[in-house]
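Peer 1: Structure below; questions to follow.
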Amino acid sequence: MQDDKGGQQPGFGARLAKAGVWSILGKFTGRLIDLFTLIVLTNALQPRDFGLVAQAMTVIIIVESVTSMPIGQPLLRMNAPERAAYDTGFTLTFLRAIAIAVLIVLLSHPLALFFHEPRLPPLLAILALAPILRGCMSPVMVEFIRAYNLRPEAMMDIVSKLASLAVVIVMVWRAPSYWAIIAATVTTPFILCALSYALAPYRPRFSLKYWRSFADVIGWNAVIESLNSLIAQIDRVLLGRALGNADFGRYSVSRTLVDIPQQAISAPLTRPMIASFAQAESETRRQTLWLKCAHSMLFIVGPVLVTMAIFAEEIVFVVTGPDWKGAGVFLCGLALAVLPSLPNYPLNSLAISMYRTRLAAQRVFVQFCITIPLMIAFVSWQGVYGAIAARGVISIFMLIVSALLVRQLLNISVVKQLRIHWRTVAGLAGMSVTMLLFKDFVAGEGSRFAVAVKGGLVFALGYAAYFTVNMGLWRIFGKPPSLESLIVAQTKAALQGHWRRQTSRAP
């Protein structure tokens, strides 16, 4: 592959890394703003306010997932999409918006009866605008992903989150109520939609000329997303009815905190992975790329989740204040339950790139068949603690199932897939020991600011131990091709570039 000047293009790994940096930067900054927004809200509102909105959001998330239409994935598979292809994508999302509105109207009153909450119908009507706006963004935005240029999307994320934060501050200052949460939820997709048309101009036009090109991904994606949504929300459905609004609010905020590192890091990496897997020229190249992608998920997100588990009470205290005491145990359990699922994230990207979306649907169907009965049984047995335990059991089970499916796709043994993570696991163990030694230092008496500063220092120390163990084992065992190799190569390239710039400036 040649660039316009005749030079060789950077490798897939380097381009994916560059795209990933911008994507993670945007998502991570956006999630930091979300975290600050959450701090403002939790200090102004009560857990019962979050419990009420969480009931409504559970419904919206399920409806959004059931009607999901990832028009970007079929467009990314096309080498040079025609205007009619974009028009088809827009038309399908327009039809989806109508379907969402109809579903919410039909479901609002029955759901109010199910949750014993008469305030739900107006909340659902307004919150339904969020998925409609997210689905109506400019379809031409996919060209930035194709070019591995995720800077515009990163900036969109940051600007939309800042706008949402501004709305929350104004509403909380004027009259604190759960409507501030709803306003923030709708503001973000509204700004994203407007910015998408500013950055990727597109004049909407109706067409279904290329609907066949979208059919396989959208058809199987509808199955995948519907089942995924039920898998992800079944605990909230069960607990939203069983718990009071206050306890359910504490659990929902804990889920939100655990979701932040996944949404900020794991999720944004999966889209450029589709393009990279699709462009891999051989099975060997695709195998190498898969191992790096799966490894990167645990390598990057794992330390954050381990920190959340160890300092759960301190994180809840710093973020939400003393009124939310009791949420720490939920946060700890949920963080540990999610940890084994991290290497599974790239599987959908791999299956879509190989036109094997059906295989990804089969994986989700297996998970659905395990999750629903297990979650119902565990919640009936131990309530909220049963829900957390069920999440952990399911994560471990699906790690093995996903490895078996990858073996079918790429002919990589399950042992080889799991073995790639052993250095990371050793590093996480070293990090855990380091932070546990200093836990009393962080948990001591002090203000929220003092606890945050001490926690940051201990996290830095723990992460240094984590990184040292990883890189040390990598060197001891012969520097095998892996994510560590990419880190070292990129670091050397950055240092050499800096040295050349400094040398060129010298008199």
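For the structure tokens, the naming scheme is as follows: chains receive sequential letters (A, B, ...) according to their order of presentation, residues are indexed from 1 within each chain, and ligands are indexed from 1 in presentation order.
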With only C-alpha atoms as the counted atoms, please give the residues lying no more than 8 Å from Met471 in chain A, apart from itself and same-chain residues fewer than 4 positions off, as a list in words.
Peer 2: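 Once the adjacent positions are removed, what remains is Phe467, Arg475 and Glu484 of chain A.
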Peer 1: Now that the selection is made, can you save its residues with N, CA, C and O atoms as a PDB file, in the first residue's frame?
Peer 2:
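The result, stored in part-v5.pdb:
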ATOM      1  N   PHE A 467       3.492  -1.339  35.739  1.00  0.00           N
ATOM      2  CA  PHE A 467       4.231  -1.176  34.494  1.00  0.00           C
ATOM      3  C   PHE A 467       5.613  -1.811  34.584  1.00  0.00           C
ATOM      4  O   PHE A 467       6.093  -2.439  33.629  1.00  0.00           O
ATOM      5  N   ARG A 475      10.893  -8.276  29.029  1.00  0.00           N
ATOM      6  CA  ARG A 475      12.318  -8.335  28.697  1.00  0.00           C
ATOM      7  C   ARG A 475      12.939  -9.671  29.102  1.00  0.00           C
ATOM      8  O   ARG A 475      13.736 -10.254  28.363  1.00  0.00           O
ATOM      9  N   GLU A 484       3.523  -4.636  24.444  1.00  0.00           N
ATOM     10  CA  GLU A 484       4.726  -4.006  24.989  1.00  0.00           C
ATOM     11  C   GLU A 484       5.699  -3.612  23.879  1.00  0.00           C
ATOM     12  O   GLU A 484       6.345  -2.564  23.960  1.00  0.00           O
TER      13      GLU A 484
END
Peer 1: Any idea what's packed within 10 Å of Ala85 in chain A, counting only C-alpha atoms, ignoring anything in its chain fewer than 6 positions away? Could you give it as JSON, numbers by chain?
Peer 2: {"A": [71, 74, 75, 78, 91, 139, 207, 208, 209, 210, 211, 213, 214]}
Peer 1: For the residues in the current selection, export all heavy atoms as a JSON list (two decimals), in the first residue's frame.
Peer 2:
[["chain", "number", "residue", "atom", "x", "y", "z"],
["A", 71, "ILE", "N", -25.09, 2.09, 11.08],
["A", 71, "ILE", "CA", -24.89, 2.32, 9.65],
["A", 71, "ILE", "C", -23.42, 2.54, 9.31],
["A", 71, "ILE", "O", -23.02, 2.38, 8.15],
["A", 71, "ILE", "CB", -25.72, 3.52, 9.15],
["A", 71, "ILE", "CG1", -25.28, 4.81, 9.86],
["A", 71, "ILE", "CG2", -27.21, 3.27, 9.38],
["A", 71, "ILE", "CD1", -25.83, 6.05, 9.23],
["A", 74, "PRO", "N", -21.45, -0.96, 7.83],
["A", 74, "PRO", "CA", -21.55, -1.29, 6.40],
["A", 74, "PRO", "C", -20.83, -0.27, 5.52],
["A", 74, "PRO", "O", -20.21, -0.65, 4.52],
["A", 74, "PRO", "CB", -23.05, -1.29, 6.13],
["A", 74, "PRO", "CG", -23.68, -1.53, 7.45],
["A", 74, "PRO", "CD", -22.79, -0.86, 8.45],
["A", 75, "LEU", "N", -20.90, 1.00, 5.89],
["A", 75, "LEU", "CA", -20.22, 2.02, 5.09],
["A", 75, "LEU", "C", -18.70, 1.86, 5.16],
["A", 75, "LEU", "O", -18.00, 2.09, 4.17],
["A", 75, "LEU", "CB", -20.62, 3.42, 5.58],
["A", 75, "LEU", "CG", -22.06, 3.85, 5.28],
["A", 75, "LEU", "CD1", -22.40, 5.14, 6.00],
["A", 75, "LEU", "CD2", -22.27, 4.02, 3.77],
["A", 78, "MET", "N", -17.38, -0.65, 2.64],
["A", 78, "MET", "CA", -17.36, -0.23, 1.23],
["A", 78, "MET", "C", -16.09, 0.56, 0.95],
["A", 78, "MET", "O", -15.72, 1.44, 1.72],
["A", 78, "MET", "CB", -18.58, 0.63, 0.91],
["A", 78, "MET", "CG", -19.92, -0.04, 1.17],
["A", 78, "MET", "SD", -21.29, 1.12, 0.83],
["A", 78, "MET", "CE", -22.67, 0.17, 1.48],
["A", 91, "THR", "N", -31.79, 7.17, 5.73],
["A", 91, "THR", "CA", -33.20, 6.74, 5.67],
["A", 91, "THR", "C", -33.49, 5.69, 6.73],
["A", 91, "THR", "O", -34.53, 5.73, 7.40],
["A", 91, "THR", "CB", -33.52, 6.19, 4.28],
["A", 91, "THR", "OG1", -33.24, 7.19, 3.29],
["A", 91, "THR", "CG2", -34.99, 5.81, 4.17],
["A", 139, "PRO", "N", -24.18, 10.73, 8.37],
["A", 139, "PRO", "CA", -23.54, 9.45, 8.03],
["A", 139, "PRO", "C", -22.14, 9.62, 7.44],
["A", 139, "PRO", "O", -21.35, 8.67, 7.44],
["A", 139, "PRO", "CB", -24.50, 8.84, 7.01],
["A", 139, "PRO", "CG", -25.25, 9.99, 6.43],
["A", 139, "PRO", "CD", -25.37, 11.00, 7.54],
["A", 207, "SER", "N", -33.51, 7.35, 0.50],
["A", 207, "SER", "CA", -33.22, 6.33, -0.51],
["A", 207, "SER", "C", -33.00, 5.00, 0.20],
["A", 207, "SER", "O", -32.51, 4.96, 1.33],
["A", 207, "SER", "CB", -31.97, 6.69, -1.31],
["A", 207, "SER", "OG", -31.58, 5.61, -2.15],
["A", 208, "LEU", "N", -33.37, 3.91, -0.46],
["A", 208, "LEU", "CA", -33.09, 2.56, 0.05],
["A", 208, "LEU", "C", -32.36, 1.73, -0.99],
["A", 208, "LEU", "O", -32.41, 0.50, -0.98],
["A", 208, "LEU", "CB", -34.40, 1.87, 0.47],
["A", 208, "LEU", "CG", -35.09, 2.44, 1.71],
["A", 208, "LEU", "CD1", -36.44, 1.79, 1.92],
["A", 208, "LEU", "CD2", -34.22, 2.28, 2.95],
["A", 209, "LYS", "N", -31.64, 2.41, -1.87],
["A", 209, "LYS", "CA", -30.96, 1.74, -2.97],
["A", 209, "LYS", "C", -29.98, 0.67, -2.47],
["A", 209, "LYS", "O", -29.85, -0.40, -3.05],
["A", 209, "LYS", "CB", -30.24, 2.76, -3.84],
["A", 209, "LYS", "CG", -29.47, 2.15, -5.01],
["A", 209, "LYS", "CD", -28.76, 3.23, -5.83],
["A", 209, "LYS", "CE", -27.96, 2.61, -6.96],
["A", 209, "LYS", "NZ", -27.24, 3.66, -7.76],
["A", 210, "TYR", "N", -29.25, 0.97, -1.40],
["A", 210, "TYR", "CA", -28.20, 0.06, -0.91],
["A", 210, "TYR", "C", -28.63, -0.71, 0.34],
["A", 210, "TYR", "O", -27.78, -1.15, 1.11],
["A", 210, "TYR", "CB", -26.93, 0.87, -0.59],
["A", 210, "TYR", "CG", -26.10, 1.20, -1.82],
["A", 210, "TYR", "CD1", -26.38, 2.34, -2.55],
["A", 210, "TYR", "CD2", -25.07, 0.37, -2.23],
["A", 210, "TYR", "CE1", -25.63, 2.66, -3.69],
["A", 210, "TYR", "CE2", -24.32, 0.67, -3.35],
["A", 210, "TYR", "CZ", -24.61, 1.82, -4.08],
["A", 210, "TYR", "OH", -23.86, 2.12, -5.18],
["A", 211, "TRP", "N", -29.92, -0.90, 0.53],
["A", 211, "TRP", "CA", -30.37, -1.53, 1.77],
["A", 211, "TRP", "C", -29.81, -2.94, 1.94],
["A", 211, "TRP", "O", -29.58, -3.39, 3.06],
["A", 211, "TRP", "CB", -31.90, -1.54, 1.83],
["A", 211, "TRP", "CG", -32.56, -2.51, 0.90],
["A", 211, "TRP", "CD1", -32.96, -2.29, -0.38],
["A", 211, "TRP", "CD2", -32.89, -3.87, 1.19],
["A", 211, "TRP", "NE1", -33.52, -3.41, -0.93],
["A", 211, "TRP", "CE2", -33.49, -4.41, 0.02],
["A", 211, "TRP", "CE3", -32.75, -4.70, 2.30],
["A", 211, "TRP", "CZ2", -33.93, -5.72, -0.05],
["A", 211, "TRP", "CZ3", -33.19, -6.00, 2.23],
["A", 211, "TRP", "CH2", -33.78, -6.50, 1.06],
["A", 213, "SER", "N", -26.83, -3.91, 1.29],
["A", 213, "SER", "CA", -25.48, -3.80, 1.86],
["A", 213, "SER", "C", -25.52, -3.60, 3.37],
["A", 213, "SER", "O", -24.55, -3.88, 4.07],
["A", 213, "SER", "CB", -24.74, -2.62, 1.21],
["A", 213, "SER", "OG", -24.60, -2.82, -0.18],
["A", 214, "PHE", "N", -26.66, -3.09, 3.86],
["A", 214, "PHE", "CA", -26.82, -2.86, 5.30],
["A", 214, "PHE", "C", -27.52, -4.03, 5.99],
["A", 214, "PHE", "O", -27.46, -4.13, 7.22],
["A", 214, "PHE", "CB", -27.64, -1.58, 5.54],
["A", 214, "PHE", "CG", -26.93, -0.32, 5.16],
["A", 214, "PHE", "CD1", -26.83, 0.06, 3.83],
["A", 214, "PHE", "CD2", -26.38, 0.50, 6.12],
["A", 214, "PHE", "CE1", -26.19, 1.24, 3.47],
["A", 214, "PHE", "CE2", -25.74, 1.67, 5.77],
["A", 214, "PHE", "CZ", -25.64, 2.05, 4.44]]
Peer 1: Quick one: residues within 9 Å of range 124-134 of chain A, only C-alpha atoms, excluding same-chain residues fewer than 6 positions away - as number ranges by chain?
Peer 2: A: 56-57, 59-61, 63-64, 93-94, 96-98, 100-101, 104-105, 108, 182-183, 185-190, 192-193
Peer 1: Limited to N, CA and C atoms, could you put the picked residues into a file as an mmCIF file, in the first residue's frame?
Peer 2:
data_model
loop_
_atom_site.group_PDB
_atom_site.id
_atom_site.type_symbol
_atom_site.label_atom_id
_atom_site.label_comp_id
_atom_site.auth_asym_id
_atom_site.auth_seq_id
_atom_site.Cartn_x
_atom_site.Cartn_y
_atom_site.Cartn_z
ATOM 1 N N ALA A 56 -36.146 4.995 34.286
ATOM 2 C CA ALA A 56 -36.497 5.451 32.936
ATOM 3 C C ALA A 56 -35.388 5.151 31.946
ATOM 4 N N MET A 57 -34.126 5.374 32.366
ATOM 5 C CA MET A 57 -33.004 5.155 31.455
ATOM 6 C C MET A 57 -32.830 3.683 31.113
ATOM 7 N N VAL A 59 -35.186 1.600 30.531
ATOM 8 C CA VAL A 59 -36.120 1.377 29.418
ATOM 9 C C VAL A 59 -35.566 1.978 28.131
ATOM 10 N N ILE A 60 -35.056 3.203 28.198
ATOM 11 C CA ILE A 60 -34.537 3.884 27.005
ATOM 12 C C ILE A 60 -33.367 3.117 26.411
ATOM 13 N N ILE A 61 -32.486 2.640 27.261
ATOM 14 C CA ILE A 61 -31.313 1.895 26.774
ATOM 15 C C ILE A 61 -31.738 0.625 26.050
ATOM 16 N N VAL A 63 -34.694 0.029 24.587
ATOM 17 C CA VAL A 63 -35.357 0.406 23.327
ATOM 18 C C VAL A 63 -34.326 0.841 22.288
ATOM 19 N N GLU A 64 -33.334 1.617 22.717
ATOM 20 C CA GLU A 64 -32.300 2.070 21.794
ATOM 21 C C GLU A 64 -31.510 0.897 21.227
ATOM 22 N N THR A 93 -31.962 5.250 9.580
ATOM 23 C CA THR A 93 -31.967 5.844 10.915
ATOM 24 C C THR A 93 -33.218 6.700 11.139
ATOM 25 N N PHE A 94 -33.738 7.301 10.072
ATOM 26 C CA PHE A 94 -34.976 8.070 10.193
ATOM 27 C C PHE A 94 -36.144 7.144 10.549
ATOM 28 N N ARG A 96 -35.857 4.378 12.065
ATOM 29 C CA ARG A 96 -35.602 3.948 13.442
ATOM 30 C C ARG A 96 -36.146 4.962 14.437
ATOM 31 N N ALA A 97 -35.980 6.254 14.143
ATOM 32 C CA ALA A 97 -36.473 7.298 15.044
ATOM 33 C C ALA A 97 -37.986 7.185 15.231
ATOM 34 N N ILE A 98 -38.689 6.909 14.131
ATOM 35 C CA ILE A 98 -40.139 6.736 14.220
ATOM 36 C C ILE A 98 -40.469 5.521 15.088
ATOM 37 N N ILE A 100 -38.715 4.230 17.543
ATOM 38 C CA ILE A 100 -38.446 4.532 18.952
ATOM 39 C C ILE A 100 -39.609 5.320 19.556
ATOM 40 N N ALA A 101 -40.073 6.336 18.831
ATOM 41 C CA ALA A 101 -41.172 7.155 19.344
ATOM 42 C C ALA A 101 -42.420 6.308 19.590
ATOM 43 N N ILE A 104 -41.952 3.956 22.723
ATOM 44 C CA ILE A 104 -42.011 4.660 24.002
ATOM 45 C C ILE A 104 -43.457 5.012 24.357
ATOM 46 N N VAL A 105 -44.224 5.444 23.366
ATOM 47 C CA VAL A 105 -45.631 5.767 23.616
ATOM 48 C C VAL A 105 -46.380 4.523 24.092
ATOM 49 N N SER A 108 -44.847 3.327 27.862
ATOM 50 C CA SER A 108 -44.680 4.230 29.008
ATOM 51 C C SER A 108 -45.618 3.913 30.171
ATOM 52 N N ILE A 182 -32.023 14.627 33.458
ATOM 53 C CA ILE A 182 -32.681 14.419 32.162
ATOM 54 C C ILE A 182 -32.178 15.437 31.144
ATOM 55 N N ALA A 183 -32.035 16.688 31.561
ATOM 56 C CA ALA A 183 -31.545 17.729 30.648
ATOM 57 C C ALA A 183 -30.132 17.403 30.169
ATOM 58 N N THR A 185 -28.802 14.435 29.916
ATOM 59 C CA THR A 185 -28.867 13.255 29.052
ATOM 60 C C THR A 185 -29.255 13.622 27.625
ATOM 61 N N VAL A 186 -30.108 14.625 27.457
ATOM 62 C CA VAL A 186 -30.591 15.013 26.123
ATOM 63 C C VAL A 186 -29.663 16.032 25.460
ATOM 64 N N THR A 187 -29.024 16.880 26.253
ATOM 65 C CA THR A 187 -28.164 17.930 25.690
ATOM 66 C C THR A 187 -26.991 17.352 24.913
ATOM 67 N N THR A 188 -26.344 16.330 25.459
ATOM 68 C CA THR A 188 -25.153 15.765 24.807
ATOM 69 C C THR A 188 -25.444 15.282 23.388
ATOM 70 N N PRO A 189 -26.447 14.425 23.128
ATOM 71 C CA PRO A 189 -26.691 13.995 21.752
ATOM 72 C C PRO A 189 -27.166 15.120 20.840
ATOM 73 N N PHE A 190 -27.852 16.130 21.402
ATOM 74 C CA PHE A 190 -28.284 17.263 20.573
ATOM 75 C C PHE A 190 -27.070 18.015 20.014
ATOM 76 N N LEU A 192 -23.980 16.800 19.767
ATOM 77 C CA LEU A 192 -23.255 15.883 18.881
ATOM 78 C C LEU A 192 -23.866 15.867 17.489
ATOM 79 N N CYS A 193 -25.184 15.803 17.415
ATOM 80 C CA CYS A 193 -25.869 15.759 16.124
ATOM 81 C C CYS A 193 -25.606 17.034 15.333
#
Peer 1: I need the residue nearest Thr37 in chain A from this list: A:Leu289, A:Val301, A:Ile400, A:Val319. Use only C-alpha atoms for the distance.
Peer 2: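 Closest candidate: A:Val319.
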Peer 1: At a cut-off of 12 Å, using only C-alpha atoms, what residues contact Val170 in chain A? Leave out same-chain residues fewer than 6 positions from it and give the result as an MDAnalysis selection string.
Peer 2: chainID A and resid 37 40:41 44 163:164 176:177 179:181 183:184
Peer 1: Write out the residues from the selection above, keeping C-alpha atoms, as a short mmCIF file (atom, residue, chain, number, x, y, z; two decimals), in the first residue's frame.
Peer 2:
data_model
loop_
_atom_site.label_atom_id
_atom_site.label_comp_id
_atom_site.auth_asym_id
_atom_site.auth_seq_id
_atom_site.Cartn_x
_atom_site.Cartn_y
_atom_site.Cartn_z
CA THR A 37 -21.10 16.32 36.10
CA VAL A 40 -22.21 18.09 40.77
CA LEU A 41 -25.42 16.05 40.55
CA ALA A 44 -27.04 18.46 44.79
CA ALA A 163 -22.39 21.86 27.07
CA SER A 164 -24.15 19.21 29.13
CA PRO A 176 -32.13 21.20 42.04
CA SER A 177 -34.28 18.29 40.82
CA TRP A 179 -34.84 17.12 35.70
CA ALA A 180 -31.20 18.25 35.72
CA ILE A 181 -30.16 14.64 35.01
CA ALA A 183 -31.55 17.73 30.65
CA ALA A 184 -27.92 16.56 30.70
#
Peer 1: Measuring between only C-alpha atoms, which one of A:Trp290, A:Gly478, A:Met137, A:Leu227 shows the shortest distance to Ala194 in chain A?
Peer 2: A:Met137
